[in-house]
Every structure is written in structure tokens, then in C-alpha cells.
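**Student:** Supplied in C-alpha cells, the structure appears directly below.
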Number of protein chains: 2
Amino acid sequence: MTQILNTIGRGVEEILLKEDLLRKLERGQPLRVKAGFDPTAPDLHLGHTVLINKMRQFQDLGHEVLFLIGDFTGMIGDPTGKNVTRAPLSKEEVAENAKTYREQIFKILDPDKTQVMFNSDWMAQMDAAALIQLAAKHTVARMLERDDFQKRYSGGRPIAIHEFLYPLIQGYDSVAMRADVELGGTDQKFNLLVGRDLQKVYGQEPQVVLTMPILEGLDGVQKMSKSLDNYIGINEAPNEMFGKIMSISDDLMWRYFELLSFKPLDEINTYKQQIEAGTNPRDIKFELGIEIVARFHDQAAAVAAKNEFIARFQKGAMPEDIEQVTVQSTDGVIPIGHLLKQAGLVASTSDAFRMVKQGAVKIDGERIEDKSMQIAAGTEHVYQVGKRRFAKVIVK
Amino acid sequence: MTQILNTIGRGVEEILLKEDLLRKLERGQPLRVKAGFDPTAPDLHLGHTVLINKMRQFQDLGHEVLFLIGDFTGMIGDPTGKNVTRAPLSKEEVAENAKTYREQIFKILDPDKTQVMFNSDWMAQMDAAALIQLAAKHTVARMLERDDFQKRYSGGRPIAIHEFLYPLIQGYDSVAMRADVELGGTDQKFNLLVGRDLQKVYGQEPQVVLTMPILEGLDGVQKMSKSLDNYIGINEAPNEMFGKIMSISDDLMWRYFELLSFKPLDEINTYKQQIEAGTNPRDIKFELGIEIVARFHDQAAAVAAKNEFIARFQKGAMPEDIEQVTVQSTDGVIPIGHLLKQAGLVASTSDAFRMVKQGAVKIDGERIEDKSMQIAAGTEHVYQVGKRRFAKVIVK
């Protein structure tokens with residue numbers, strides 16, 4: 001049981017309540033694990049897969065996944081009419097989007113242990129009287145405790161009354177689905193707890209709420225999102241996907257291992273030890289890249305992408321006849337800005353800083369982010385600035 | 001038009017907006033005048049008739065009355081389940097209650113110009129999606145401005161979310177009914193204005209809102225209500241009804257004339273002048289009593305009730321052989337306390353004051369309330385204290 005709890009708990013932000021989860025697990029019956037998704041055209045990236053991976057882990061433990069597409073409200077659109085980009089979806093569009101979801105999620109999930117559900121199946125039959133009954137199950141004050149509502153209310157920004165109904169509908173889905181567990185992002189915690197409350201009111205055992213952190217994008221700072229262009233789409237080509245993974249920082253690599261890899265934590269710890277013992281982090285990052293590319297394409301494509309990456313790095317990225325330069329350190333180190341200037345790769349140290357900031361500086365093909373980086377004497381690396389300036393620099 | 005506006009404006013607390021009303025009236029078309037009523041078993045008293053009288057005045061001006069029974073929410077009952085006395089009404093109970101309403105309201109309203117409507121006719125067909133659309137038309141902040149909501153929210157007392165939906169449903173009724181005017185008590189103003197807003201949103205000309213004051217009960221202070229036992233039920237027997245009207249204060253009489261009588265204001269002003277000229281207010285109160293009793297029974301019953309009242313007053317209430325006493329005034333008047341003491345009807349002036357305060361002192365059968373009342377020299381009246389102490393007192 002400890003091992004099961006470790007698997008379920010991996011990468012998780014919060015489990016509410018742990019003792020409920022334990023009780024449910026101890027019965028030895030497959031649990032109904034719910035997660036809700038938007039009905040708009042899905043174009044999933046790795047950020048979305050954090051949740052889907054967790055669903056997969058439940059499946060591997062023998063549980064059943066209920067993949068809910070919240071099409072009921074999607075078919076309403078924006079009822080205030082203010083958001084013209086949220087036009088109501090037709091039944092056909094929902095079906096089309098569901099198909100696209102299936103194509104993507106079954107790269108991770110086991111179709112035999114997955115039910116794709118639509119909340120319009122129960123919500124479209126609900127009449128106004130039943131919705132009133134549902135609305136009576138929660139208070140205005142409680143709803144206004146939700147972070148974003150609280151901020152908008154106290155900031156004088158309008159909250160339309162139907163927005164108070166949506167968390168209730170989402171919660172009622174758990175009742176209709178008889179969910180044992182609901183997964184969601186940390187930003188969904190309030191809504192997930194409404195589901196827990198409503199199940200109690202409707203005489204069901206309350207679901208366990210399990211929140212997953214929001215995955216950082218390639219920059220390691222902001223959440224992965226399409227609009228920030230810091231994402232890895234799960235439909236991207238193997239080379240692109242592999243290259244993007246290779247571009248992340250070493251710190252972010254561990255985060256991605258935790259949330260995106262299915263490798264056991266023991267194995268990941270071994271990687272950490274290897275790096276401490278001198279293994280190039282790039283080689284460990286290769287393992288992550290191969291696992292992820294193989295998941296969304298296949299093993300052969302993953303290996304090919306790796307080879308292509310190395311080849312590109314050796315051939316395309318680095319000219320064959322690289323100039324060799326020696327620079328002088330002070331007290332055993334030299335700041336990166338001085339190194340680049342002395343090597344003639346930049347015009348000035350402030351030029352160097354700007355290039356680092358722009359992400360245009362690489363050491364042995366790996367982008368660096370720290371402009372105050374110090375390079376040790378005795379090292380020998382290929383430094384690259386922009387696309388075409390290269391030098392092999394020896395620090396004396 | 002001025003006269004029409006005077007009729008419509010009589011006794012009214014507020015008209016929103018007057019210019020809208022004028023514009024609607026000027027078209028010369030019959031207006032659709034809505035008023036909403038509770039679907040629970042009706043047992044109307046004169047307090048309720050303030051609104052119904054106003055509806056009648058609209059009918060007399062050629063307009064159509066839409067008497068709305070809000071049965072939709074009544075059939076839901078209390079969805080929080082907390083109020084066990086608000087059990088859901090069945091369709092049959094609603095029909096039965098509507099029948100009782102008809103029996104009562106058609107004592108005032110013209111059946112030919114009255115449509116009795118039920119909001120379940122449109123609300124029972126509304127699905128959850130449509131209710132969401134409706135809820136999107138108003139904001140949480142705006143709803144929290146309603147007095148009672150504001151008080152409960154800031155006082156930490158719960159507001160269930162469905163309570164925010166009820167004013168919207170009431171407002172939507174105006175849309176479904178295409179109401180030109182809605183009447184309600186002053187306590188309904190917020191809800192009536194929601195109807196106005198929603199009609200605009202749904203592309204209709206907004207209804208004119210007309211609020212009526214809450215009628216005071218027999219005590220002249222608290223609102224007329226069954227639970228305070230200060231009411232006159234419209235199904236009460238003629239004698240009871242007449243006697244209760246005769247028991248009200250002179251001040252309250254004018255209020256009742258304004259809100260309950262159909263006599264023109266000119267005539268009522270004439271009454272006032274008559275009293276100033278010396279007519280006994282009791283005789284004017286007779287006119288009010290006769291009009292009201294005749295409305296709910298008939299003219300013969302009203303006259304009989306008056307005669308019965310006089311007979312009871314002369315026979316039962318006043319002994320045949322009343323002692324005659326003369327008291328002495330100072331500067332032409334004598335305070336009531338001194339008069340009663342000198343006449344031997346009370347032990348002391350403070351005793352007199354207490355009896356007046358208890359309402360136990362009558363002059364010619366009419367209760368007095370003013371313990372600092374001065375009685376003029378030259379008058380001759382029957383003074384009564386409690387049930388059995390009488391004297392005919394001549395003031396010299």
C-alpha cells in the first residue's frame with residue numbers, strides 16, 4: 001500500500017483527504033477516477049499531460065479513468081454575449097473535438113480502462129427547477145471565497161450570476177459520474193471541493209480531490225502555454241520535440257522527470273547521482289527526450305531524433321574548422337562576459353550579457369541563462385553566440 | 001391625462017419612470033398591468049387589497065390586468081430543505097388555491113379584464129441551459145445590493161445561491177407576459193426593477209414599476225398582517241368587518257380612505273372639511289365602513305352592519321339609565337383626566353391617564369388615545385371607562 005500511495009502521490013500538490021483515499025484503495029475495487037476537460041478544439045501540450053499521466057498511473061494500478069468533456073457549457077457559449085470568441089459549439093463540433101482528444105490521449109491512456117463522457121448527457125436533460133435545487137446546495141458567501149471571485153468582487157469587476165452555477169455543475173458531474181477521485185490543476189481546487197460537498201449532499205461518499213501542479217514551460221518560469229510559445233505540443237514532430245526538451249535547464253529537467261516521465265523515482269535518483277559523479281547532464285536529458293518522443297511517436301523515432309540532434313549539433317550547428325582561442329582566468333575563473341569578449345565572439349561584455357539574456361549563447365550546444373556564470377580555468381568548450389559565431393575556448 | 005395620472009398616482013409610493021408611463025398611456029392602447037402573488041393558500045385581508053384596488057383602477061381606465069400566480073417556485077418548495085413548512089405544492093393544490101384567489105379578487109376586479117396566469121406555464125418548460133442564460137443577465141454585485149441580501153451577507157447569515165435566481169425568474173415573468181406596468185409593494189421594488197432590466201435585455205420596452213405602500217393594521221402602527229392579529233379579512237362577516245373599521249383612529253381613517261376607498265379624492269376632502277366644521281368623525285367613518293362592507297358583501301349587508309353597530313352601541317354598550325354629572329372647566333376647557341376624576345369615573349388623574357393609555361376610555365362610544373385631550377365647556381357627552389363605568393358629563 002505504501003508503494004501504491006507513493007505512485008499516486010508522485011508530483012501531486014495536494015490530496016484531500018488522504019485518509020479517504022486510503023479507505024477507498026483498501027477496498028480493493030477499481031476506483032472511478034474523473035478529470036474534466038474543455039470541449040474546445042484540443043491541441044494538447046506536455047502541460048496538459050501532467051494530469052493525463054496521473055490518470056495513466058491510476059490505470060496502471062487497475063483503476064478506471066473517466067475522461068469528462070464538459071460540453072454542456074461549451075454548447076451554451078458565453079451567455080453574457082461579451083466574449084465573441086466563445087461562440088456556442090454545435091453537437092457536431094463537440095463530437096469532432098472529442099475525436100481529436102481521443103487521438104491524443106490514447107497515446108498515454110489505456111483505451112480499455114478509459115470512458116470518455118460528456119456532461120451534456122445529464123445536464124441537457126436537467127430542467128430549470130432541478131438547477132434551482134442544485135443552486136440551493138451552496139451559499140453565495142462560500143462561492144465568493146473562491147480566489148478569483150473574491151478578487152473580482154472586491155475590485156468592483158462584475159461577476160455574472162451564471163458563473164456561480166458553473167462550479168456547481170462541475171461538482172454535480174461528480175455526482176452523476178459517481179466519481180471516487182477527481183484530478184485537476186491546483187487552480188481547480190475550489191471547484192473540485194464543490195464536487196466533494198455535493199456528493200455528500202446527494203448521499204454519496206465524497207470523492208478524493210487530487211491536485212496537480214501547473215507545469216512550467218521551456219523558460220522554466222511561466223506556465224506552459226501556447227500563447228507564451230514556451231510549450232511542447234504532443235503532436236510536434238520528433239526532432240522538434242527532442243530539440244525543445246534538450247533546450248530546457250538542468251533544474252527544469254528534474255521537474256519534467258517528476259511530472260512527465262514514467263521512470264521510477266529510484267531511477268531518477270540514480271541519474272542525479274551520476275551527474276554528481278561527473279556525467280554530462282546532457283546525456284541524462286537525452287533519456288528524458290527519448291522517453292517523451294517515444295511516447296508520442298515511437299522508440300525508433302526517438303532514437304532517430306536523438307541521433308539527428310547529435311549530428312546537427314556536430315555538423316550543422318558547429319562548423320568543422322572551429323577557431324581555437326585561449327583566454328586568461330583570474331583566481332581560477334573567468335566571467336562568461338569577459339570570456340566571450342576576449343574570444344572575440346562579442347564586442348563588449350554588455351553585448352555578451354544581452355546575448356545571454358536573449359538566449360543566444362550556448363556552451364557545447366546548450367543554451368545558458370546565467371549571465372554571471374563563471375568558467376573555470378583548465379576547461380575547454382565550444383562557445384557559440386547566435387547562429388554563426390563559434391570558438392573553441394581554452395581557459396588558462 | 002392629468003386626471004388619469006391623478007387616479008393612477010393615488011396612494012402610490014413611487015412610479016418608475018413617470019415619463020415611461022406617460023408615453024405608454026398616450027398611445028391610447030390598453031396596457032398589460034402585472035402583479036404577482038404567492039401560490040400558497042390565499043386568505044386575503046385589506047392589506048392585500050391595496051394592490052388589487054390599484055389594479056381595479058387600471059381596469060376602470062380600460063387596461064388589462066394580469067394576475068400572476070407564481071406557482072413555479074411554489075411547486076419547488078424550499079430547495080434547501082430547511083423550511084419544512086414550505087412543502088412543495090402539487091399542481092392540484094395550486095389549482096385549488098387559484099380558485100380561492102378568484103373567489104376573492106373578483107370582489108374587486110372585473111373578471112372580463114383580468115387574466116389569471118401561472119408562471120409555471122413558461123418556467124416548467126425552461127431547461128437548465130436557458131436558466132443559465134437568464135442568470136448571465138445580472139451580476140452578483142448588483143444582486144447583493146438588495147437590502148435584505150446585503151444585510152444577510154454582511155451579517156454572515158447564509159444566502160443560498162438559488163435565492164439569486166428567484167428575482168431573475170420574477171423579472172423574466174415580465175418578459176414572458178410582455179408586461180407594460182408591474183405593481184408591487186414597496187418591499188418589492190428591487191425585484192420589480194429586475195423585470196424592467198430584463199425586458200430591456202430581451203429587447204422589450206421596459207415595464208413601468210409602480211410601488212404601493214404597505215397598509216397599516218388596526219393599531220395604526222404595524223403593517224396589517226394575520227400573525228399580528230391587526231387585520232380585517234375580506235371574508236369576515238359584515239358586522240365584524242364594520243366593527244373593526246369603526247375601531248380605527250381618525251388618522252388611520254384617512255389613510256384607509258386613500259388606499260381602500262374608491263371615493264374620489266374630492267369627496268374625501270369634503271369629509272375633512274365637514275369634520276373641521278363639527279361633524280362627528282364617527283359619522284364619516286360610517287361611510288368608510290359601509291363602502292368596504294358593501295364591496296365584500298353587499299349594500300344591504302353594509303347598512304345592516306351599521307345599524308347593528310349603532311344598536312349595539314346604544315343598547316349593549318351603554319346602560320339605559322346613565323348618571324348625569326356636571327364638571328367645571330377653567331378658561332373654557334377641562335383636561336380629560338380632571339373631567340374623569342371629577343365625574344367619579346376614575347380614582348385619580350394618573351388612573352385616568354393609564355386607562356386612556358390602555359384604550360379603556362371612550363367618548364360617545366369612541367375610544368380616545370390622547371391623554372392630554374381638552375374638553376370644551378358647553379359640551380355634553382357620554383364618557384365610558386372600561387366596560388361598566390359610564391357617565392353623561394356636562395362641562396360648564
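Going through the C-alpha cells in order, the chains are called A, B, and so on, while each chain numbers its residues from 1 and the ligands are numbered from 1 in the order shown.
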Near chain B, meaning an atom within 6 Å, which residues of chain A appear when counting only C-alpha atoms? Write them as a ChimeraX atom specification.
**Tutor:** /A:79-80,126-128,131-133,135-136,138-140,159-162
**Student:** Can you state the RMSD, in Å, between chain A and chain B once they are superposed by least squares on every Cα paired in order?
**Tutor:**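 Result: 1.0 Å C-alpha RMSD.
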**Student:** Interatomic distance between CA of Arg146 (chain B) and CA of Ile214 (chain B)?
**Tutor:** 18.4 Å
**Student:** Quick one: residues within 9 Å of region 174-179 of chain A, only C-alpha atoms, excluding same-chain residues fewer than 6 positions away - as a PDB file with N, CA, C and O atoms, in the first residue's frame?
**Tutor:**
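Below you can see out-v8.pdb, which holds the result:
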ATOM      1  N   LEU A  31     -11.284   2.066  -8.701  1.00  0.00           N
ATOM      2  CA  LEU A  31     -11.880   3.377  -8.414  1.00  0.00           C
ATOM      3  C   LEU A  31     -12.252   4.079  -9.717  1.00  0.00           C
ATOM      4  O   LEU A  31     -11.640   3.839 -10.757  1.00  0.00           O
ATOM      5  N   ARG A  32     -13.249   4.945  -9.643  1.00  0.00           N
ATOM      6  CA  ARG A  32     -13.663   5.750 -10.796  1.00  0.00           C
ATOM      7  C   ARG A  32     -12.948   7.104 -10.681  1.00  0.00           C
ATOM      8  O   ARG A  32     -13.279   7.922  -9.835  1.00  0.00           O
ATOM      9  N   VAL A  33     -11.991   7.318 -11.560  1.00  0.00           N
ATOM     10  CA  VAL A  33     -11.111   8.485 -11.484  1.00  0.00           C
ATOM     11  C   VAL A  33     -11.510   9.493 -12.558  1.00  0.00           C
ATOM     12  O   VAL A  33     -11.342   9.252 -13.747  1.00  0.00           O
ATOM     13  N   LYS A  34     -12.046  10.624 -12.091  1.00  0.00           N
ATOM     14  CA  LYS A  34     -12.575  11.641 -13.005  1.00  0.00           C
ATOM     15  C   LYS A  34     -11.556  12.757 -13.262  1.00  0.00           C
ATOM     16  O   LYS A  34     -10.838  13.172 -12.353  1.00  0.00           O
ATOM     17  N   LEU A  66     -12.331   8.183 -16.005  1.00  0.00           N
ATOM     18  CA  LEU A  66     -13.493   8.829 -16.625  1.00  0.00           C
ATOM     19  C   LEU A  66     -13.024  10.167 -17.180  1.00  0.00           C
ATOM     20  O   LEU A  66     -12.784  11.114 -16.432  1.00  0.00           O
ATOM     21  N   MET A 117     -16.621  10.657 -21.421  1.00  0.00           N
ATOM     22  CA  MET A 117     -18.004  11.019 -21.081  1.00  0.00           C
ATOM     23  C   MET A 117     -18.266  12.479 -21.442  1.00  0.00           C
ATOM     24  O   MET A 117     -17.328  13.268 -21.577  1.00  0.00           O
ATOM     25  N   ASN A 119     -20.760  15.755 -20.268  1.00  0.00           N
ATOM     26  CA  ASN A 119     -21.734  16.118 -19.223  1.00  0.00           C
ATOM     27  C   ASN A 119     -23.060  16.596 -19.803  1.00  0.00           C
ATOM     28  O   ASN A 119     -24.058  16.673 -19.099  1.00  0.00           O
ATOM     29  N   TRP A 122     -26.195  14.332 -19.036  1.00  0.00           N
ATOM     30  CA  TRP A 122     -27.148  14.519 -17.925  1.00  0.00           C
ATOM     31  C   TRP A 122     -27.611  15.974 -17.819  1.00  0.00           C
ATOM     32  O   TRP A 122     -28.746  16.231 -17.474  1.00  0.00           O
ATOM     33  N   LEU A 192     -13.132  21.479  -7.398  1.00  0.00           N
ATOM     34  CA  LEU A 192     -13.079  20.055  -7.087  1.00  0.00           C
ATOM     35  C   LEU A 192     -13.698  19.782  -5.722  1.00  0.00           C
ATOM     36  O   LEU A 192     -14.370  18.770  -5.517  1.00  0.00           O
ATOM     37  N   GLY A 195     -17.433  19.590  -5.757  1.00  0.00           N
ATOM     38  CA  GLY A 195     -17.869  18.234  -6.109  1.00  0.00           C
ATOM     39  C   GLY A 195     -17.933  17.344  -4.880  1.00  0.00           C
ATOM     40  O   GLY A 195     -18.890  16.590  -4.679  1.00  0.00           O
ATOM     41  N   ARG A 196     -16.916  17.452  -4.057  1.00  0.00           N
ATOM     42  CA  ARG A 196     -16.881  16.681  -2.811  1.00  0.00           C
ATOM     43  C   ARG A 196     -18.107  16.997  -1.931  1.00  0.00           C
ATOM     44  O   ARG A 196     -18.793  16.097  -1.455  1.00  0.00           O
ATOM     45  N   LEU A 198     -20.998  18.344  -2.850  1.00  0.00           N
ATOM     46  CA  LEU A 198     -22.267  17.960  -3.455  1.00  0.00           C
ATOM     47  C   LEU A 198     -22.508  16.458  -3.354  1.00  0.00           C
ATOM     48  O   LEU A 198     -23.634  16.015  -3.132  1.00  0.00           O
ATOM     49  N   GLN A 199     -21.438  15.689  -3.501  1.00  0.00           N
ATOM     50  CA  GLN A 199     -21.631  14.242  -3.356  1.00  0.00           C
ATOM     51  C   GLN A 199     -22.170  13.904  -1.969  1.00  0.00           C
ATOM     52  O   GLN A 199     -23.060  13.072  -1.837  1.00  0.00           O
ATOM     53  N   TYR A 202     -25.791  14.732  -1.879  1.00  0.00           N
ATOM     54  CA  TYR A 202     -26.591  13.782  -2.634  1.00  0.00           C
ATOM     55  C   TYR A 202     -26.426  12.343  -2.107  1.00  0.00           C
ATOM     56  O   TYR A 202     -26.768  11.386  -2.780  1.00  0.00           O
ATOM     57  N   GLN A 204     -23.748  10.550  -1.466  1.00  0.00           N
ATOM     58  CA  GLN A 204     -22.651   9.704  -1.945  1.00  0.00           C
ATOM     59  C   GLN A 204     -21.427   9.891  -1.052  1.00  0.00           C
ATOM     60  O   GLN A 204     -21.289  10.895  -0.365  1.00  0.00           O
ATOM     61  N   GLU A 205     -20.557   8.896  -1.113  1.00  0.00           N
ATOM     62  CA  GLU A 205     -19.268   9.043  -0.442  1.00  0.00           C
ATOM     63  C   GLU A 205     -18.487  10.115  -1.194  1.00  0.00           C
ATOM     64  O   GLU A 205     -18.417  10.075  -2.416  1.00  0.00           O
ATOM     65  N   PRO A 206     -17.912  11.088  -0.491  1.00  0.00           N
ATOM     66  CA  PRO A 206     -17.259  12.195  -1.213  1.00  0.00           C
ATOM     67  C   PRO A 206     -15.997  11.735  -1.954  1.00  0.00           C
ATOM     68  O   PRO A 206     -15.269  10.882  -1.470  1.00  0.00           O
ATOM     69  N   GLN A 207     -15.795  12.323  -3.114  1.00  0.00           N
ATOM     70  CA  GLN A 207     -14.613  11.995  -3.917  1.00  0.00           C
ATOM     71  C   GLN A 207     -13.346  12.509  -3.240  1.00  0.00           C
ATOM     72  O   GLN A 207     -13.382  13.480  -2.495  1.00  0.00           O
ATOM     73  N   VAL A 208     -12.252  11.834  -3.551  1.00  0.00           N
ATOM     74  CA  VAL A 208     -10.950  12.332  -3.130  1.00  0.00           C
ATOM     75  C   VAL A 208     -10.477  13.334  -4.171  1.00  0.00           C
ATOM     76  O   VAL A 208     -10.589  13.083  -5.368  1.00  0.00           O
TER      77      VAL A 208
END
**Student:** Within 7 Å of Lys285 (chain B), counting only C-alpha atoms, which residues show up once you throw out same-chain ones fewer than 4 positions away? Write them as a list in words, please.
**Tutor:**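 Counting only C-alpha atoms, the residues come to Met246, Met253, Pro281 and Gly289 of chain B.
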**Student:** Can you list, as a ChimeraX atom specification, every residue of region 82-288 of chain B that DSSP puts in alpha helix (DSSP H)?
**Tutor:** /B:91-105,120-123,128-135,140-144,147-154,162-177,189-201,238-246,250-260,265-276,281-288
**Student:** What's around region 351-359 of chain B at 9 Å? Count only C-alpha atoms, leave out sequence neighbours fewer than 4 positions away in its own chain, and write the answer as a CSV table (one decimal) with all heavy atoms, in the first residue's frame.
**Tutor:**
chain,number,residue,atom,x,y,z
B,336,ILE,N,-59.0,66.0,30.1
B,336,ILE,CA,-59.8,64.7,30.2
B,336,ILE,C,-59.6,64.1,31.5
B,336,ILE,O,-60.5,63.5,32.1
B,336,ILE,CB,-59.5,63.8,29.0
B,336,ILE,CG1,-60.3,62.5,29.0
B,336,ILE,CG2,-58.0,63.4,28.9
B,336,ILE,CD1,-61.8,62.7,28.7
B,337,GLY,N,-58.3,64.1,32.0
B,337,GLY,CA,-58.0,63.5,33.3
B,337,GLY,C,-58.8,64.0,34.4
B,337,GLY,O,-59.4,63.3,35.2
B,338,HIS,N,-58.9,65.4,34.5
B,338,HIS,CA,-59.7,66.0,35.5
B,338,HIS,C,-61.1,65.7,35.4
B,338,HIS,O,-61.8,65.5,36.3
B,338,HIS,CB,-59.4,67.6,35.5
B,338,HIS,CG,-58.0,67.9,35.9
B,338,HIS,ND1,-56.9,68.0,35.1
B,338,HIS,CD2,-57.6,68.3,37.2
B,338,HIS,CE1,-55.9,68.3,35.8
B,338,HIS,NE2,-56.2,68.5,37.1
B,340,LEU,N,-62.6,63.1,34.1
B,340,LEU,CA,-62.9,61.8,34.5
B,340,LEU,C,-62.9,61.6,36.0
B,340,LEU,O,-63.7,61.0,36.6
B,340,LEU,CB,-62.0,60.7,33.9
B,340,LEU,CG,-62.0,60.6,32.3
B,340,LEU,CD1,-61.0,59.6,31.8
B,340,LEU,CD2,-63.4,60.2,31.9
B,341,LYS,N,-61.9,62.4,36.7
B,341,LYS,CA,-61.8,62.3,38.1
B,341,LYS,C,-63.0,63.0,38.8
B,341,LYS,O,-63.7,62.4,39.7
B,341,LYS,CB,-60.5,62.9,38.6
B,341,LYS,CG,-60.3,62.8,40.1
B,341,LYS,CD,-58.9,63.1,40.5
B,341,LYS,CE,-58.8,63.1,42.0
B,341,LYS,NZ,-58.8,64.5,42.5
B,345,LEU,N,-65.4,58.8,37.6
B,345,LEU,CA,-65.2,57.6,36.8
B,345,LEU,C,-63.8,56.9,37.0
B,345,LEU,O,-63.6,55.8,36.7
B,345,LEU,CB,-65.3,57.9,35.3
B,345,LEU,CG,-66.7,58.3,34.8
B,345,LEU,CD1,-66.7,58.9,33.4
B,345,LEU,CD2,-67.6,57.1,34.8
B,346,VAL,N,-62.8,57.7,37.5
B,346,VAL,CA,-61.5,57.2,37.9
B,346,VAL,C,-61.2,57.7,39.3
B,346,VAL,O,-61.8,58.7,39.8
B,346,VAL,CB,-60.4,57.6,36.9
B,346,VAL,CG1,-60.6,57.0,35.5
B,346,VAL,CG2,-60.3,59.2,36.8
B,347,ALA,N,-60.2,57.1,39.9
B,347,ALA,CA,-59.8,57.4,41.3
B,347,ALA,C,-58.9,58.6,41.3
B,347,ALA,O,-58.9,59.4,42.2
B,347,ALA,CB,-59.1,56.2,41.9
B,367,ARG,N,-63.3,55.2,21.2
B,367,ARG,CA,-62.0,55.2,22.0
B,367,ARG,C,-61.2,56.4,21.8
B,367,ARG,O,-61.1,56.9,20.7
B,367,ARG,CB,-61.2,53.9,21.6
B,367,ARG,CG,-59.9,53.8,22.3
B,367,ARG,CD,-59.2,52.5,21.9
B,367,ARG,NE,-60.1,51.3,22.3
B,367,ARG,CZ,-60.4,50.3,21.5
B,367,ARG,NH1,-59.9,50.3,20.2
B,367,ARG,NH2,-61.1,49.3,21.8
B,368,ILE,N,-60.6,57.0,22.9
B,368,ILE,CA,-59.7,58.1,22.7
B,368,ILE,C,-58.3,57.7,23.0
B,368,ILE,O,-58.1,56.7,23.7
B,368,ILE,CB,-60.1,59.3,23.6
B,368,ILE,CG1,-60.0,58.9,25.1
B,368,ILE,CG2,-61.5,59.8,23.2
B,368,ILE,CD1,-60.1,60.1,26.0
B,369,GLU,N,-57.4,58.4,22.4
B,369,GLU,CA,-56.0,58.0,22.5
B,369,GLU,C,-55.1,59.1,23.2
B,369,GLU,O,-54.0,58.8,23.6
B,369,GLU,CB,-55.4,57.6,21.2
B,369,GLU,CG,-56.1,56.4,20.5
B,369,GLU,CD,-55.6,56.1,19.1
B,369,GLU,OE1,-55.1,57.1,18.5
B,369,GLU,OE2,-55.8,55.0,18.7
B,370,ASP,N,-55.7,60.2,23.2
B,370,ASP,CA,-54.9,61.4,23.6
B,370,ASP,C,-55.2,61.7,25.1
B,370,ASP,O,-56.2,62.3,25.4
B,370,ASP,CB,-55.2,62.6,22.7
B,370,ASP,CG,-54.4,63.8,23.0
B,370,ASP,OD1,-53.5,63.7,23.9
B,370,ASP,OD2,-54.7,64.9,22.4
B,371,LYS,N,-54.2,61.5,26.0
B,371,LYS,CA,-54.5,61.7,27.4
B,371,LYS,C,-54.4,63.2,27.8
B,371,LYS,O,-54.8,63.5,28.9
B,371,LYS,CB,-53.5,60.8,28.3
B,371,LYS,CG,-52.1,61.2,28.1
B,371,LYS,CD,-51.2,60.4,29.0
B,371,LYS,CE,-49.8,60.9,28.9
B,371,LYS,NZ,-48.8,60.2,29.8
B,372,SER,N,-53.8,64.0,26.8
B,372,SER,CA,-53.8,65.4,27.1
B,372,SER,C,-54.9,66.2,26.5
B,372,SER,O,-54.9,67.4,26.3
B,372,SER,CB,-52.4,66.0,26.7
B,372,SER,OG,-52.3,65.8,25.3
B,385,VAL,N,-65.5,54.4,31.0
B,385,VAL,CA,-64.1,53.9,31.4
B,385,VAL,C,-64.3,52.4,31.6
B,385,VAL,O,-65.1,52.0,32.5
B,385,VAL,CB,-63.6,54.6,32.6
B,385,VAL,CG1,-62.3,54.0,33.1
B,385,VAL,CG2,-63.5,56.1,32.4
B,386,GLY,N,-63.5,51.7,30.9
B,386,GLY,CA,-63.6,50.2,31.0
B,386,GLY,C,-65.0,49.8,30.5
B,386,GLY,O,-65.6,50.5,29.7
**Student:** With a distance cut-off of 12 Å and only C-alpha atoms, select the neighbouring residues of Arg389 (chain A), excluding the residue or stretch itself and same-chain residues fewer than 2 positions from it, and output the selection as JSON, numbers by chain.
**Tutor:** {"A": [317, 318, 319, 322, 323, 340, 343, 344, 345, 346, 355, 360, 361, 362, 363, 382, 383, 384, 385, 386, 387, 391, 392]}
